[in-house]
file coords.pdb (PDB, C-alpha atoms, pLDDT in the B column)
ATOM      1  CA  MET A  15       0.000   0.000   0.000  1.00 41.00           C
ATOM      2  CA  ALA A  16       1.435   3.370  -1.042  1.00 49.00           C
ATOM      3  CA  THR A  17       2.220   5.778   1.730  1.00 57.00           C
ATOM      4  CA  GLU A  18       0.534   9.151   1.721  1.00 70.00           C
ATOM      5  CA  LEU A  19       2.652  11.971   0.324  1.00 79.00           C
ATOM      6  CA  SER A  20       3.771  14.357   3.054  1.00 85.00           C
ATOM      7  CA  ALA A  21       3.026  17.975   2.174  1.00 87.00           C
ATOM      8  CA  VAL A  22       5.792  19.203   4.475  1.00 90.00           C
ATOM      9  CA  PRO A  23       8.976  19.924   2.497  1.00 95.00           C
ATOM     10  CA  THR A  24      12.357  18.886   3.807  1.00 95.00           C
ATOM     11  CA  ALA A  25      15.235  21.351   4.011  1.00 95.00           C
ATOM     12  CA  SER A  26      16.720  19.973   0.785  1.00 96.00           C
ATOM     13  CA  GLU A  27      13.391  20.271  -1.019  1.00 97.00           C
ATOM     14  CA  ARG A  28      13.013  23.858   0.154  1.00 97.00           C
ATOM     15  CA  MET A  29      16.478  24.745  -1.091  1.00 97.00           C
ATOM     16  CA  ALA A  30      16.089  23.005  -4.449  1.00 97.00           C
ATOM     17  CA  TYR A  31      12.734  24.657  -5.089  1.00 97.00           C
ATOM     18  CA  ARG A  32      13.885  28.122  -4.016  1.00 97.00           C
ATOM     19  CA  ALA A  33      16.981  27.822  -6.207  1.00 97.00           C
ATOM     20  CA  ALA A  34      14.836  26.744  -9.162  1.00 97.00           C
ATOM     21  CA  GLN A  35      12.782  29.938  -8.789  1.00 97.00           C
ATOM     22  CA  GLU A  36      15.899  31.970  -9.599  1.00 97.00           C
ATOM     23  CA  LEU A  37      16.117  30.435 -13.076  1.00 97.00           C
ATOM     24  CA  ARG A  38      14.362  31.935 -16.081  1.00 97.00           C
ATOM     25  CA  ASP A  39      13.358  30.281 -19.299  1.00 96.00           C
ATOM     26  CA  GLU A  40      16.265  30.235 -21.787  1.00 95.00           C
ATOM     27  CA  ASP A  41      18.861  31.119 -19.163  1.00 96.00           C
ATOM     28  CA  VAL A  42      22.272  29.617 -19.904  1.00 97.00           C
ATOM     29  CA  VAL A  43      23.266  27.820 -16.700  1.00 97.00           C
ATOM     30  CA  PHE A  44      26.552  26.245 -15.662  1.00 94.00           C
ATOM     31  CA  VAL A  45      25.286  23.219 -13.761  1.00 88.00           C
ATOM     32  CA  GLY A  46      27.033  21.337 -11.004  1.00 78.00           C
ATOM     33  CA  ILE A  47      26.117  18.191  -9.147  1.00 77.00           C
ATOM     34  CA  GLY A  48      24.059  18.170  -5.964  1.00 85.00           C
ATOM     35  CA  LEU A  49      21.097  20.394  -5.170  1.00 91.00           C
ATOM     36  CA  PRO A  50      21.916  22.862  -8.017  1.00 90.00           C
ATOM     37  CA  ASN A  51      21.610  19.946 -10.441  1.00 90.00           C
ATOM     38  CA  LEU A  52      18.217  19.073  -8.995  1.00 93.00           C
ATOM     39  CA  ALA A  53      17.123  22.731  -9.030  1.00 95.00           C
ATOM     40  CA  CYS A  54      17.993  23.106 -12.715  1.00 94.00           C
ATOM     41  CA  ASN A  55      16.149  19.965 -13.720  1.00 92.00           C
ATOM     42  CA  LEU A  56      13.148  21.047 -11.618  1.00 95.00           C
ATOM     43  CA  ALA A  57      13.089  24.437 -13.334  1.00 96.00           C
ATOM     44  CA  ARG A  58      13.278  22.799 -16.765  1.00 93.00           C
ATOM     45  CA  ALA A  59      10.421  20.458 -15.868  1.00 94.00           C
ATOM     46  CA  THR A  60       8.189  23.316 -14.684  1.00 96.00           C
ATOM     47  CA  HIS A  61       8.489  26.989 -15.564  1.00 97.00           C
ATOM     48  CA  ALA A  62      11.703  27.073 -17.643  1.00 97.00           C
ATOM     49  CA  PRO A  63      11.494  24.386 -20.368  1.00 95.00           C
ATOM     50  CA  GLY A  64      14.015  26.277 -22.489  1.00 95.00           C
ATOM     51  CA  LEU A  65      16.702  26.315 -19.792  1.00 96.00           C
ATOM     52  CA  PHE A  66      20.050  25.776 -21.524  1.00 96.00           C
ATOM     53  CA  MET A  67      22.229  23.610 -19.300  1.00 93.00           C
ATOM     54  CA  ILE A  68      25.993  23.251 -19.604  1.00 94.00           C
ATOM     55  CA  TYR A  69      27.819  20.722 -17.457  1.00 89.00           C
ATOM     56  CA  GLU A  70      31.470  21.065 -16.472  1.00 84.00           C
ATOM     57  CA  SER A  71      32.224  17.686 -18.015  1.00 85.00           C
ATOM     58  CA  GLY A  72      31.549  19.127 -21.488  1.00 89.00           C
ATOM     59  CA  ALA A  73      27.869  18.409 -22.159  1.00 92.00           C
ATOM     60  CA  VAL A  74      26.408  21.493 -23.854  1.00 94.00           C
ATOM     61  CA  GLY A  75      22.643  21.882 -24.111  1.00 93.00           C
ATOM     62  CA  ALA A  76      22.087  18.736 -22.048  1.00 88.00           C
ATOM     63  CA  ILE A  77      18.537  17.364 -21.842  1.00 87.00           C
ATOM     64  CA  PRO A  78      18.830  14.458 -19.390  1.00 84.00           C
ATOM     65  CA  GLU A  79      15.860  12.085 -19.222  1.00 82.00           C
ATOM     66  CA  ARG A  80      16.739  11.277 -15.614  1.00 82.00           C
ATOM     67  CA  LEU A  81      18.619  13.054 -12.869  1.00 82.00           C
ATOM     68  CA  PRO A  82      22.359  12.676 -13.532  1.00 83.00           C
ATOM     69  CA  VAL A  83      24.301  11.091 -10.681  1.00 81.00           C
ATOM     70  CA  SER A  84      27.548  12.855 -11.651  1.00 79.00           C
ATOM     71  CA  ILE A  85      28.900  15.241 -14.268  1.00 78.00           C
ATOM     72  CA  GLY A  86      30.167  12.157 -16.120  1.00 80.00           C
ATOM     73  CA  ASP A  87      26.760  10.477 -16.259  1.00 85.00           C
ATOM     74  CA  PRO A  88      25.994   9.120 -19.790  1.00 86.00           C
ATOM     75  CA  SER A  89      22.480  10.595 -19.597  1.00 85.00           C
ATOM     76  CA  LEU A  90      24.021  14.024 -20.191  1.00 87.00           C
ATOM     77  CA  VAL A  91      25.334  13.016 -23.606  1.00 88.00           C
ATOM     78  CA  THR A  92      22.064  11.723 -25.071  1.00 84.00           C
ATOM     79  CA  ASP A  93      20.347  14.483 -27.099  1.00 85.00           C
ATOM     80  CA  SER A  94      22.827  17.143 -25.946  1.00 91.00           C
ATOM     81  CA  LEU A  95      23.763  19.796 -28.485  1.00 92.00           C
ATOM     82  CA  ALA A  96      27.483  19.039 -28.218  1.00 93.00           C
ATOM     83  CA  VAL A  97      30.077  17.324 -26.085  1.00 92.00           C
ATOM     84  CA  VAL A  98      33.300  19.317 -25.891  1.00 93.00           C
ATOM     85  CA  GLY A  99      36.475  19.492 -23.825  1.00 91.00           C
ATOM     86  CA  GLN A 100      36.731  21.417 -20.583  1.00 87.00           C
ATOM     87  CA  ALA A 101      39.015  23.975 -22.225  1.00 90.00           C
ATOM     88  CA  ASP A 102      36.166  24.869 -24.604  1.00 93.00           C
ATOM     89  CA  ILE A 103      33.689  25.080 -21.721  1.00 92.00           C
ATOM     90  CA  PHE A 104      35.823  27.498 -19.747  1.00 92.00           C
ATOM     91  CA  GLN A 105      37.619  29.482 -22.457  1.00 93.00           C
ATOM     92  CA  CYS A 106      34.988  29.710 -25.176  1.00 92.00           C
ATOM     93  CA  MET A 107      31.860  29.943 -23.037  1.00 93.00           C
ATOM     94  CA  LEU A 108      32.499  30.971 -19.446  1.00 95.00           C
ATOM     95  CA  GLN A 109      35.387  33.391 -19.998  1.00 95.00           C
ATOM     96  CA  ARG A 110      33.583  34.974 -22.973  1.00 94.00           C
ATOM     97  CA  GLY A 111      30.699  35.932 -20.674  1.00 94.00           C
ATOM     98  CA  LEU A 112      28.188  33.526 -22.220  1.00 95.00           C
ATOM     99  CA  ILE A 113      27.131  31.927 -18.914  1.00 96.00           C
ATOM    100  CA  GLU A 114      24.178  33.714 -17.355  1.00 97.00           C
ATOM    101  CA  VAL A 115      23.936  31.732 -14.104  1.00 97.00           C
ATOM    102  CA  GLY A 116      26.488  29.786 -12.090  1.00 96.00           C
ATOM    103  CA  PHE A 117      25.892  27.714  -8.959  1.00 95.00           C
ATOM    104  CA  LEU A 118      28.420  27.268  -6.161  1.00 95.00           C
ATOM    105  CA  GLY A 119      28.626  25.936  -2.632  1.00 93.00           C
ATOM    106  CA  GLY A 120      31.516  25.390  -0.268  1.00 94.00           C
ATOM    107  CA  ALA A 121      32.868  24.664   3.178  1.00 96.00           C
ATOM    108  CA  GLN A 122      32.749  28.359   4.176  1.00 98.00           C
ATOM    109  CA  VAL A 123      31.123  31.548   2.919  1.00 98.00           C
ATOM    110  CA  ASP A 124      31.592  35.018   4.437  1.00 98.00           C
ATOM    111  CA  ARG A 125      29.544  38.210   4.584  1.00 98.00           C
ATOM    112  CA  TRP A 126      30.852  39.372   1.183  1.00 98.00           C
ATOM    113  CA  GLY A 127      30.059  36.126  -0.617  1.00 98.00           C
ATOM    114  CA  ASN A 128      33.638  34.828  -0.716  1.00 98.00           C
ATOM    115  CA  ILE A 129      33.722  31.017  -0.748  1.00 98.00           C
ATOM    116  CA  ASN A 130      36.308  28.615   0.634  1.00 98.00           C
ATOM    117  CA  THR A 131      36.716  25.115  -0.805  1.00 96.00           C
ATOM    118  CA  THR A 132      40.490  24.837  -0.222  1.00 97.00           C
ATOM    119  CA  VAL A 133      41.467  24.497   3.457  1.00 98.00           C
ATOM    120  CA  ILE A 134      40.103  24.874   6.971  1.00 97.00           C
ATOM    121  CA  GLY A 135      42.730  26.562   9.122  1.00 97.00           C
ATOM    122  CA  ASP A 136      46.115  27.888   8.052  1.00 96.00           C
ATOM    123  CA  TYR A 137      46.985  27.125   4.432  1.00 96.00           C
ATOM    124  CA  ALA A 138      50.503  25.897   5.281  1.00 95.00           C
ATOM    125  CA  ASN A 139      49.273  23.681   8.108  1.00 95.00           C
ATOM    126  CA  PRO A 140      45.525  23.154   7.656  1.00 95.00           C
ATOM    127  CA  LYS A 141      43.174  21.313   9.962  1.00 96.00           C
ATOM    128  CA  VAL A 142      41.326  20.009   6.906  1.00 96.00           C
ATOM    129  CA  ARG A 143      42.419  20.047   3.279  1.00 96.00           C
ATOM    130  CA  LEU A 144      39.465  20.341   0.910  1.00 95.00           C
ATOM    131  CA  PRO A 145      39.124  19.495  -2.820  1.00 92.00           C
ATOM    132  CA  GLY A 146      40.135  22.997  -3.970  1.00 93.00           C
ATOM    133  CA  SER A 147      38.766  25.199  -6.695  1.00 92.00           C
ATOM    134  CA  GLY A 148      38.168  23.020  -9.719  1.00 87.00           C
ATOM    135  CA  GLY A 149      36.222  25.432 -11.909  1.00 90.00           C
ATOM    136  CA  ALA A 150      34.653  27.303  -8.996  1.00 93.00           C
ATOM    137  CA  CYS A 151      36.947  30.342  -9.116  1.00 95.00           C
ATOM    138  CA  GLU A 152      36.323  30.815 -12.841  1.00 95.00           C
ATOM    139  CA  ILE A 153      32.571  30.531 -12.329  1.00 95.00           C
ATOM    140  CA  ALA A 154      32.666  33.108  -9.509  1.00 97.00           C
ATOM    141  CA  VAL A 155      34.721  35.511 -11.615  1.00 97.00           C
ATOM    142  CA  HIS A 156      32.884  35.245 -14.944  1.00 97.00           C
ATOM    143  CA  ALA A 157      29.232  34.219 -14.458  1.00 97.00           C
ATOM    144  CA  ARG A 158      26.799  37.098 -14.873  1.00 97.00           C
ATOM    145  CA  ARG A 159      24.806  35.896 -11.867  1.00 97.00           C
ATOM    146  CA  LEU A 160      26.055  33.596  -9.125  1.00 97.00           C
ATOM    147  CA  LEU A 161      23.802  31.605  -6.809  1.00 98.00           C
ATOM    148  CA  ILE A 162      25.301  30.106  -3.663  1.00 97.00           C
ATOM    149  CA  VAL A 163      23.482  27.103  -2.189  1.00 97.00           C
ATOM    150  CA  MET A 164      24.607  26.047   1.310  1.00 96.00           C
ATOM    151  CA  ARG A 165      23.199  24.844   4.598  1.00 97.00           C
ATOM    152  CA  MET A 166      23.595  27.452   7.296  1.00 98.00           C
ATOM    153  CA  SER A 167      25.637  27.127  10.482  1.00 98.00           C
ATOM    154  CA  LYS A 168      28.306  29.100  12.301  1.00 97.00           C
ATOM    155  CA  ARG A 169      30.896  26.670  10.930  1.00 97.00           C
ATOM    156  CA  THR A 170      29.951  27.409   7.316  1.00 98.00           C
ATOM    157  CA  PHE A 171      28.822  31.057   7.496  1.00 98.00           C
ATOM    158  CA  VAL A 172      31.918  32.716   8.917  1.00 98.00           C
ATOM    159  CA  GLU A 173      33.140  36.257   9.534  1.00 96.00           C
ATOM    160  CA  THR A 174      36.219  35.670   7.362  1.00 97.00           C
ATOM    161  CA  CYS A 175      36.974  32.672   5.178  1.00 98.00           C
ATOM    162  CA  ASP A 176      40.149  30.797   6.108  1.00 98.00           C
ATOM    163  CA  PHE A 177      41.029  30.874   2.403  1.00 97.00           C
ATOM    164  CA  VAL A 178      39.267  32.620  -0.487  1.00 97.00           C
ATOM    165  CA  THR A 179      38.893  30.077  -3.273  1.00 97.00           C
ATOM    166  CA  SER A 180      36.095  31.857  -5.138  1.00 97.00           C
ATOM    167  CA  PRO A 181      35.740  35.651  -4.834  1.00 98.00           C
ATOM    168  CA  GLY A 182      32.565  37.425  -3.824  1.00 98.00           C
ATOM    169  CA  HIS A 183      31.895  41.165  -3.801  1.00 98.00           C
ATOM    170  CA  ARG A 184      34.906  42.216  -1.709  1.00 97.00           C
ATOM    171  CA  VAL A 185      38.270  40.514  -1.310  1.00 96.00           C
ATOM    172  CA  ASN A 186      40.687  42.023   1.229  1.00 92.00           C
ATOM    173  CA  GLY A 187      38.624  45.201   1.175  1.00 92.00           C
ATOM    174  CA  LYS A 188      38.690  45.606  -2.613  1.00 95.00           C
ATOM    175  CA  ARG A 189      35.597  45.491  -4.804  1.00 96.00           C
ATOM    176  CA  ARG A 190      35.280  43.199  -7.796  1.00 96.00           C
ATOM    177  CA  ALA A 191      35.685  46.062 -10.285  1.00 94.00           C
ATOM    178  CA  GLU A 192      38.964  47.088  -8.651  1.00 96.00           C
ATOM    179  CA  LEU A 193      40.239  43.548  -9.161  1.00 95.00           C
ATOM    180  CA  GLY A 194      39.122  43.395 -12.808  1.00 96.00           C
ATOM    181  CA  MET A 195      36.434  40.732 -12.402  1.00 97.00           C
ATOM    182  CA  PRO A 196      33.923  40.876 -15.269  1.00 96.00           C
ATOM    183  CA  GLY A 197      31.071  38.815 -13.774  1.00 97.00           C
ATOM    184  CA  GLY A 198      28.257  40.108 -11.606  1.00 97.00           C
ATOM    185  CA  GLY A 199      29.242  38.240  -8.464  1.00 97.00           C
ATOM    186  CA  PRO A 200      26.919  36.545  -5.966  1.00 98.00           C
ATOM    187  CA  THR A 201      23.276  37.557  -6.175  1.00 97.00           C
ATOM    188  CA  ARG A 202      21.741  35.295  -3.538  1.00 98.00           C
ATOM    189  CA  ILE A 203      22.690  32.731  -0.913  1.00 98.00           C
ATOM    190  CA  ILE A 204      19.987  30.088  -0.619  1.00 98.00           C
ATOM    191  CA  THR A 205      20.081  28.210   2.681  1.00 98.00           C
ATOM    192  CA  ASP A 206      17.964  25.766   4.646  1.00 97.00           C
ATOM    193  CA  LEU A 207      16.708  28.613   6.878  1.00 98.00           C
ATOM    194  CA  GLY A 208      16.195  31.479   4.455  1.00 97.00           C
ATOM    195  CA  VAL A 209      17.672  33.544   1.653  1.00 98.00           C
ATOM    196  CA  LEU A 210      20.383  36.196   1.844  1.00 98.00           C
ATOM    197  CA  ASP A 211      20.616  39.007  -0.700  1.00 98.00           C
ATOM    198  CA  PHE A 212      23.496  41.452  -1.175  1.00 98.00           C
ATOM    199  CA  ASP A 213      23.094  45.165  -0.533  1.00 97.00           C
ATOM    200  CA  ALA A 214      24.725  48.068  -2.372  1.00 95.00           C
ATOM    201  CA  THR A 215      27.951  47.635  -0.392  1.00 96.00           C
ATOM    202  CA  GLY A 216      28.199  43.957  -1.356  1.00 97.00           C
ATOM    203  CA  GLU A 217      27.329  42.640   2.113  1.00 98.00           C
ATOM    204  CA  ALA A 218      24.930  39.729   2.584  1.00 98.00           C
ATOM    205  CA  VAL A 219      21.704  40.592   4.415  1.00 98.00           C
ATOM    206  CA  LEU A 220      18.759  38.421   5.421  1.00 98.00           C
ATOM    207  CA  ALA A 221      16.011  38.957   2.844  1.00 98.00           C
ATOM    208  CA  GLU A 222      13.714  35.921   3.205  1.00 98.00           C
ATOM    209  CA  VAL A 223      12.832  33.332   5.832  1.00 98.00           C
ATOM    210  CA  TYR A 224      10.879  30.146   5.332  1.00 97.00           C
ATOM    211  CA  PRO A 225       7.528  29.748   7.065  1.00 94.00           C
ATOM    212  CA  SER A 226       8.012  28.754  10.739  1.00 90.00           C
ATOM    213  CA  VAL A 227      11.590  30.108  10.726  1.00 96.00           C
ATOM    214  CA  THR A 228      12.294  33.325  12.613  1.00 97.00           C
ATOM    215  CA  PRO A 229      14.960  35.937  11.837  1.00 97.00           C
ATOM    216  CA  GLU A 230      16.419  35.209  15.288  1.00 97.00           C
ATOM    217  CA  GLN A 231      16.979  31.571  14.309  1.00 98.00           C
ATOM    218  CA  VAL A 232      18.797  32.616  11.150  1.00 98.00           C
ATOM    219  CA  ARG A 233      21.000  35.119  12.971  1.00 97.00           C
ATOM    220  CA  ALA A 234      21.841  32.502  15.609  1.00 98.00           C
ATOM    221  CA  ALA A 235      23.144  30.213  12.834  1.00 98.00           C
ATOM    222  CA  CYS A 236      25.324  32.901  11.249  1.00 98.00           C
ATOM    223  CA  GLY A 237      28.943  33.573  12.171  1.00 98.00           C
ATOM    224  CA  TRP A 238      28.769  37.341  11.722  1.00 98.00           C
ATOM    225  CA  PRO A 239      26.252  39.990  12.908  1.00 97.00           C
ATOM    226  CA  LEU A 240      23.739  39.396  10.116  1.00 98.00           C
ATOM    227  CA  ARG A 241      21.641  42.419   9.248  1.00 97.00           C
ATOM    228  CA  THR A 242      18.026  42.099   8.075  1.00 97.00           C
ATOM    229  CA  ALA A 243      16.671  43.785   4.959  1.00 95.00           C
ATOM    230  CA  GLU A 244      14.134  46.550   5.506  1.00 92.00           C
ATOM    231  CA  ALA A 245      11.363  44.490   3.881  1.00 94.00           C
ATOM    232  CA  LEU A 246      11.776  40.905   5.068  1.00 97.00           C
ATOM    233  CA  ARG A 247       9.966  38.462   2.780  1.00 97.00           C
ATOM    234  CA  THR A 248       8.590  34.959   3.245  1.00 97.00           C
ATOM    235  CA  ALA A 249      10.397  32.509   0.996  1.00 95.00           C
ATOM    236  CA  ALA A 250       8.397  30.485  -1.503  1.00 90.00           C
ATOM    237  CA  GLU A 251       7.921  26.801  -0.700  1.00 92.00           C
ATOM    238  CA  PRO A 252       7.009  23.876  -2.966  1.00 96.00           C
ATOM    239  CA  ASP A 253       3.381  22.747  -3.113  1.00 95.00           C
ATOM    240  CA  VAL A 254       2.258  19.128  -3.227  1.00 96.00           C
ATOM    241  CA  SER A 255       2.538  18.891  -7.011  1.00 96.00           C
ATOM    242  CA  VAL A 256       6.144  20.056  -6.938  1.00 97.00           C
ATOM    243  CA  LEU A 257       6.971  17.743  -4.040  1.00 97.00           C
ATOM    244  CA  ARG A 258       5.527  14.834  -6.001  1.00 96.00           C
ATOM    245  CA  LEU A 259       7.636  15.800  -9.007  1.00 96.00           C
ATOM    246  CA  LEU A 260      10.773  16.003  -6.878  1.00 96.00           C
ATOM    247  CA  ARG A 261      10.208  12.773  -4.950  1.00 96.00           C
ATOM    248  CA  GLU A 262       8.629  10.519  -7.559  1.00 94.00           C
ATOM    249  CA  LYS A 263      10.082  11.623 -10.891  1.00 93.00           C
ATOM    250  CA  LEU A 264      13.206  13.769 -10.539  1.00 93.00           C
ATOM    251  CA  ASP A 265      14.895  12.121  -7.546  1.00 93.00           C
ATOM    252  CA  PRO A 266      13.069   8.913  -6.598  1.00 92.00           C
ATOM    253  CA  GLN A 267      16.329   7.372  -5.379  1.00 90.00           C
ATOM    254  CA  ARG A 268      16.901  10.340  -3.032  1.00 90.00           C
ATOM    255  CA  LEU A 269      20.321  11.033  -4.469  1.00 87.00           C
ATOM    256  CA  TYR A 270      20.176  14.669  -3.427  1.00 88.00           C
ATOM    257  CA  LEU A 271      16.992  14.838  -1.335  1.00 86.00           C
TER     258      LEU A 271
END
call {"tool": "encode", "arguments": {"input": "coords.pdb", "output": "structure tokens"}}
result
Amino acid sequence: MATELSAVPTASERMAYRAAQELRDEDVVFVGIGLPNLACNLARATHAPGLFMIYESGAVGAIPERLPVSIGDPSLVTDSLAVVGQADIFQCMLQRGLIEVGFLGGAQVDRWGNINTTVIGDYANPKVRLPGSGGACEIAVHARRLLIVMRMSKRTFVETCDFVTSPGHRVNGKRRAELGMPGGGPTRIITDLGVLDFDATGEAVLAEVYPSVTPEQVRAACGWPLRTAEALRTAAEPDVSVLRLLREKLDPQRLYL
């Protein structure tokens, strides 16, 4: 006997849905694996059927019939527009400014949207050595819009990143324009508690909370004195039809949920 579908979204479902809302039809998106992958495929299955997805592995215009389990998944090749080398992805597309939206996450993010995926602790003698940049720095520098998707805690949302792998709006006190970065920088940080926007100075501020979450809860999970936007909004949540799509069609194996 089938179990009744719960109408209460999980934290991962909230994040995937809220990230999908940031995508517009015919956006060109640099897709990674994890919740951003799920968000992109959700957007394409609902309000953005013309979403143009490019995967770091070289699949251009991918139209996967199922949720890819990695950037090397064969489902990305079937019906894609092209399969090219990583040099073409980064040099001919990303560095030419052709990527509208990039997704990133990391071990740490600070109030200016800088991301650390390199080390925890001192670089010469780290407590933890992380995977490093991969293509993350290039995405942060060149994408016209950058969405950061991360769960929120004082360990991950820190006053100052131990190492800046991917630049945000200010690095060592200097703005992106001063450092010659052509992309738009981070636009939103989507978390399991709410959504942070960036003000005119480039600092992250609390802009949205999910239903049943208070601003005090969000601030308690942040490692810097998080300011709240003047008009605090309630973040959109998935309805039953979207939850069914996520759980039964897009990610029935719960790879990311």
call {"tool": "closest_residue", "arguments": {"input": "coords.pdb", "among": "A:Gly86, A:Gly148, A:Gly75, A:Gly127", "to": "Met164 of chain A", "atoms": "all atoms listed in the file"}}
result
A:Gly127
call {"tool": "resolve_selection", "arguments": {"input": "coords.pdb", "expression": "the PyMOL selection byres ((chain A and resi 257-263) around 10)", "output": "MDAnalysis selection string"}}
result
chainID A and resid 19:24 27:28 30:31 52:53 55:56 59:60 80:81 251:256 264:268 271
call {"tool": "resolve_selection", "arguments": {"input": "coords.pdb", "expression": "the PyMOL selection byres ((chain A and resi 70) around 7)", "output": "PyMOL selection string"}}
result
chain A and resi 68-69+71-72+85+100+103
call {"tool": "atom_distance", "arguments": {"input": "coords.pdb", "atom1": "atom CA of Glu114 of chain A", "atom2": "atom CA of Arg158 of chain A"}}
result
4.9 Å
call {"tool": "resolve_selection", "arguments": {"input": "coords.pdb", "expression": "the PyMOL selection byres ((chain A and resi 248) around 12)", "output": "PyMOL selection string"}}
result
chain A and resi 32+207-210+220-229+245-247+249-251
call {"tool": "atom_distance", "arguments": {"input": "coords.pdb", "atom1": "atom CA of Leu144 of chain A", "atom2": "atom CA of Leu112 of chain A"}}
result
28.9 Å
call {"tool": "residues_around", "arguments": {"input": "coords.pdb", "residues": "Ser180 of chain A", "least_positions_apart": "2", "cutoff": "6 Å", "atoms": "all atoms listed in the file", "output": "MDAnalysis selection string"}}
result
chainID A and resid 128:129 151 154 178
call {"tool": "closest_residue", "arguments": {"input": "coords.pdb", "among": "A:Gly48, A:Cys54, A:Arg189, A:Asp41", "to": "Phe66 of chain A", "atoms": "all atoms listed in the file"}}
result
A:Asp41
